[in-house]
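Beneath this line is the structure, given in structure tokens, with notes to follow.
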Amino acid sequence: MIMRKPFVATISLIAMYSIGGALYVAINLCLNFFISTPLPFIFFISITHLFSMSWAIVVLCNRKRRIETRIRWALFIILIPFFGIISYLFLGRVYKYKKNKNYLYNKNSVSALQAKTQYDIENLKAIEKENPEFKRSFMMTFEQQKESIYTNTEIKYLQSGNEYFANLLNDINTAKEYVLINCYIISEGEFLEKLTNLLIQKMHQGIRVYIIYDFLGSYGRFTKSKKRLLQEGANIIAYSPIHFPFVKWNANYRDHRKDISIDGKIGYLGGINMSDEYINKSGVFGFWNDSAIRMVGESVQEIESIFKKDWNFYAGKKQNKIEKLEPMFGKVNRTRFLTNEFIQIVSDGPNHERPICLELLLNLIHSAQNRIWLKSPYFIPPPEIINALCNAASTGLDVRILLPGRSDKFLLLEVSKQWTKKMFENGVKIYSMNDTFIHEKTYIFDDSISFTGSSNLDYRALFCDQQTMALIKSNRLNEDITKKMIHDMEKSFEYKFMPNKDLSIWKKIVVKAYNIMAPLL
């Protein structure tokens with residue numbers, strides 16, 4: 001005889017609700033004949049599960065999403081119905097700025113050189129003559145996003161946050177017209193205090209200052225200095241602000257850039273945010289290893305083109321468009337440099353039709369003839385990157401990946417190492433830099449091609465956030481980056497056994513769970 005226990009039955013059904021699935025819908029309906037459970041409660045659970053399964057099918061059929069992402073979201077929605085649906089609404093949908101078509105990347109540009117396609121065609125011919133295998137890489141963003149290929153630019157590799165900071169302060173001190181800053185993290189500390197004091201001093205001299213900061217990346221960090229700058233007349237806006245509890249479904253997409261333009265003549269991009277960690281004034285994560293690119297010349301116009309799109313999209317009605325505020329904005333720097341180097345500024349993000357950084361990386365990997373050296377703080381790439389690197393290594397190319405020895409996120413280093421296992425089996429050399437947090441995002445191919453900037457090798461960087469990268473053809477710059485990489489590798493541990501082999505069982509479980517969720521983030 002079956003005993004009627006309403007409380008136990010209800011608890012059981014709640015547990016089943018958390019697990020989800022079509023099987024439990026059928027079980028719940030059957031149990032109602034034997035256990036005294038309110039029929040409305042059973043009906044609610046059944047409808048919820050059916051709705052979740054229907055939603056999961058829709059997600060699986062959405063061909064705009066990657067297959068591994070669709071499968072994981074569908075399973076997540078079925079297993080945890082209510083929370084899974086809410087999570088998908090805020091984090092899972094493809095964000096293409098459909099509400100403001102003016103922000104689509106190829107819809108507006110301020111670069112005065114972009115209309116002169118003959119300029120780009122001549123540069124492509126020069127690249128083809130010297131490095132024919134990499135011509136298609138430069139053609140990719142030129143054809144898809146109309147991003148020009150500049151040669152009239154002086155390029156300098158800044159190997160640390162301290163070198164970056166010193167150069168930046170000196171350059172801002174020479175500003176005659178304006179300073180544009182577009183940065184993911186702006187945080188109070190010695191770095192920001194000195195920068196703020198200098199910016200205020202320059203504003204007293206008539207220099208205009210414009211700052212875009214990511215609302216989430218700088219949340220609770222950019223406070224005192226922002227107030228001082230606003231009082232002195234600086235123009236400051238937050239990228240994609242979040243107002244609880246009214247969280248917009250596009251809140252998952254952030255501005256990860258670290259771009260600066262000074263008078264349209266001097267520009268910066270790279271991995272360095274405006275925080276004390278980057279100049280090693282904070283030792284929380286060990287020694288901080290990062291870099292940036294300093295540009296002088298025509299390519300800075302591309303930095304300003306990116307800034308214009310971001311500013312005009314998030315400025316709203318309270319602020320004017322940047323070109324109205326700044327009459328000199330977008331003017332070409334005509335200074336000539338005797339150099340045979342080429343640079344293309346690559347913008348990526350959800351306002352682009354395709355994940356251009358991912359496609360460009362794949363093209364560069366397939367085009368490499370001798371070596372592929374990668375340096376990234378977070379290595380959780382899509383499977384096509386893993387496969388391309390394994391194929392390159394199996395054909396005898398020198399393929400290396402340099403990871404941090406410490407990380408700023410719990411177990412994230414172990415998660416990154418988990419993704420290197422197949423690469424290790426195929427002969428890729430895996431390095432982990434001792435007691436150092438590598439935050440640099442630098443990738444070099446053969447002896448002349450460098451790809452560096454703000455984009456990590458993970459799903460968030462390649463699919464969710466706004467990024468700025470530089471594709472550079474320069475033997476000199478490649479050699480400078482190579483020297484630093486060799487130095488870092490000599491200070492690193494090279495794996496001679498399978499990465500993560502020495503982890504405890506519970507850590508292995510957490511790492512595997514995180515790897516399952518990675519495409520959802």
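Letters A, B, ... go to the chains of the structure tokens in the order shown; residues in each chain start at 1; ligands are counted from 1 in the same order.
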Residues within 6 Å of Tyr213 (chain A), only C-alpha atoms, excluding chain neighbours under 3 positions, as a list in words: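 Once the adjacent positions are removed, what remains is Cys183, Tyr184, Ala238 and Tyr239 of chain A.
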Glu277 (chain A) environment, 12 Å, only C-alpha atoms, sequence neighbours closer than 2 positions dropped, as a count of residues only: 33
Two-atom distance - CA of Leu358 (chain A), CA of Gly270 (chain A) (Å): 17.2 Å
Proximity to Tyr88 (chain A) - best of A:Glu154, A:Pro377, A:Glu143, A:Asn252, only C-alpha atoms: A:Asn252
For region 428-430 of chain A: contacts at 9 Å, only C-alpha atoms, fewer than 5 positions along chain excluded, given as a list in words: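 Selected residues are Leu389, Cys390, Ala392, Ala393, Ser394, Asp398, Val399, Arg400, Ile401, Leu402, Leu403, Lys417, Thr420, Lys422, Met423, Phe493, Glu494, Tyr495, Lys496 and Pro499 of chain A.
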Closest of A:Gln344, A:Ser148, A:Asn131, A:Asn235 to Glu326 (chain A) - atom-to-atom distances counting only C-alpha atoms: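 Closest candidate: A:Asn235.
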Polymer residues at most 9 Å from Tyr150 (chain A), only C-alpha atoms, same-chain spacing of 3 or more positions, as a ChimeraX atom specification: /A:119-120,123,153,297-299,341-345
Output N, CA, C and O atoms of each residue in that selection to a file, as an mmCIF file, in the first residue's frame.
data_model
loop_
_atom_site.group_PDB
_atom_site.id
_atom_site.type_symbol
_atom_site.label_atom_id
_atom_site.label_comp_id
_atom_site.auth_asym_id
_atom_site.auth_seq_id
_atom_site.Cartn_x
_atom_site.Cartn_y
_atom_site.Cartn_z
ATOM 1 N N TYR A 119 45.194 53.645 -52.443
ATOM 2 C CA TYR A 119 46.200 53.653 -51.383
ATOM 3 C C TYR A 119 46.347 52.257 -50.784
ATOM 4 O O TYR A 119 47.447 51.750 -50.603
ATOM 5 N N ASP A 120 45.211 51.613 -50.490
ATOM 6 C CA ASP A 120 45.231 50.283 -49.906
ATOM 7 C C ASP A 120 45.699 49.233 -50.911
ATOM 8 O O ASP A 120 46.426 48.302 -50.558
ATOM 9 N N ASN A 123 49.404 49.229 -51.138
ATOM 10 C CA ASN A 123 49.996 48.608 -49.950
ATOM 11 C C ASN A 123 49.840 47.085 -49.973
ATOM 12 O O ASN A 123 50.749 46.351 -49.568
ATOM 13 N N THR A 153 53.278 55.256 -40.844
ATOM 14 C CA THR A 153 53.115 55.241 -39.388
ATOM 15 C C THR A 153 54.380 54.725 -38.725
ATOM 16 O O THR A 153 54.966 53.739 -39.164
ATOM 17 N N GLY A 297 51.247 58.702 -36.603
ATOM 18 C CA GLY A 297 51.012 58.756 -38.043
ATOM 19 C C GLY A 297 49.566 58.517 -38.420
ATOM 20 O O GLY A 297 48.647 58.660 -37.611
ATOM 21 N N GLU A 298 49.369 58.113 -39.666
ATOM 22 C CA GLU A 298 48.034 58.048 -40.246
ATOM 23 C C GLU A 298 47.133 56.987 -39.611
ATOM 24 O O GLU A 298 45.914 57.148 -39.587
ATOM 25 N N SER A 299 47.682 55.907 -39.106
ATOM 26 C CA SER A 299 46.851 54.830 -38.564
ATOM 27 C C SER A 299 46.050 55.270 -37.340
ATOM 28 O O SER A 299 45.058 54.623 -36.980
ATOM 29 N N GLU A 341 57.022 49.462 -43.072
ATOM 30 C CA GLU A 341 56.140 48.720 -42.186
ATOM 31 C C GLU A 341 54.672 49.013 -42.523
ATOM 32 O O GLU A 341 54.347 50.123 -42.959
ATOM 33 N N PHE A 342 53.811 48.029 -42.290
ATOM 34 C CA PHE A 342 52.385 48.176 -42.565
ATOM 35 C C PHE A 342 51.595 47.851 -41.304
ATOM 36 O O PHE A 342 51.934 46.926 -40.564
ATOM 37 N N ILE A 343 50.529 48.604 -41.070
ATOM 38 C CA ILE A 343 49.680 48.376 -39.901
ATOM 39 C C ILE A 343 48.218 48.540 -40.294
ATOM 40 O O ILE A 343 47.856 49.449 -41.036
ATOM 41 N N GLN A 344 47.402 47.642 -39.804
ATOM 42 C CA GLN A 344 45.960 47.682 -40.022
ATOM 43 C C GLN A 344 45.271 47.566 -38.664
ATOM 44 O O GLN A 344 45.496 46.605 -37.928
ATOM 45 N N ILE A 345 44.478 48.564 -38.313
ATOM 46 C CA ILE A 345 43.756 48.547 -37.042
ATOM 47 C C ILE A 345 42.466 47.749 -37.234
ATOM 48 O O ILE A 345 41.649 48.074 -38.102
#
DSSP strand (DSSP E) residues within region 229-291 of chain A, listed as a PyMOL selection string: chain A and resi 235-239+258-262+266-270+287-289
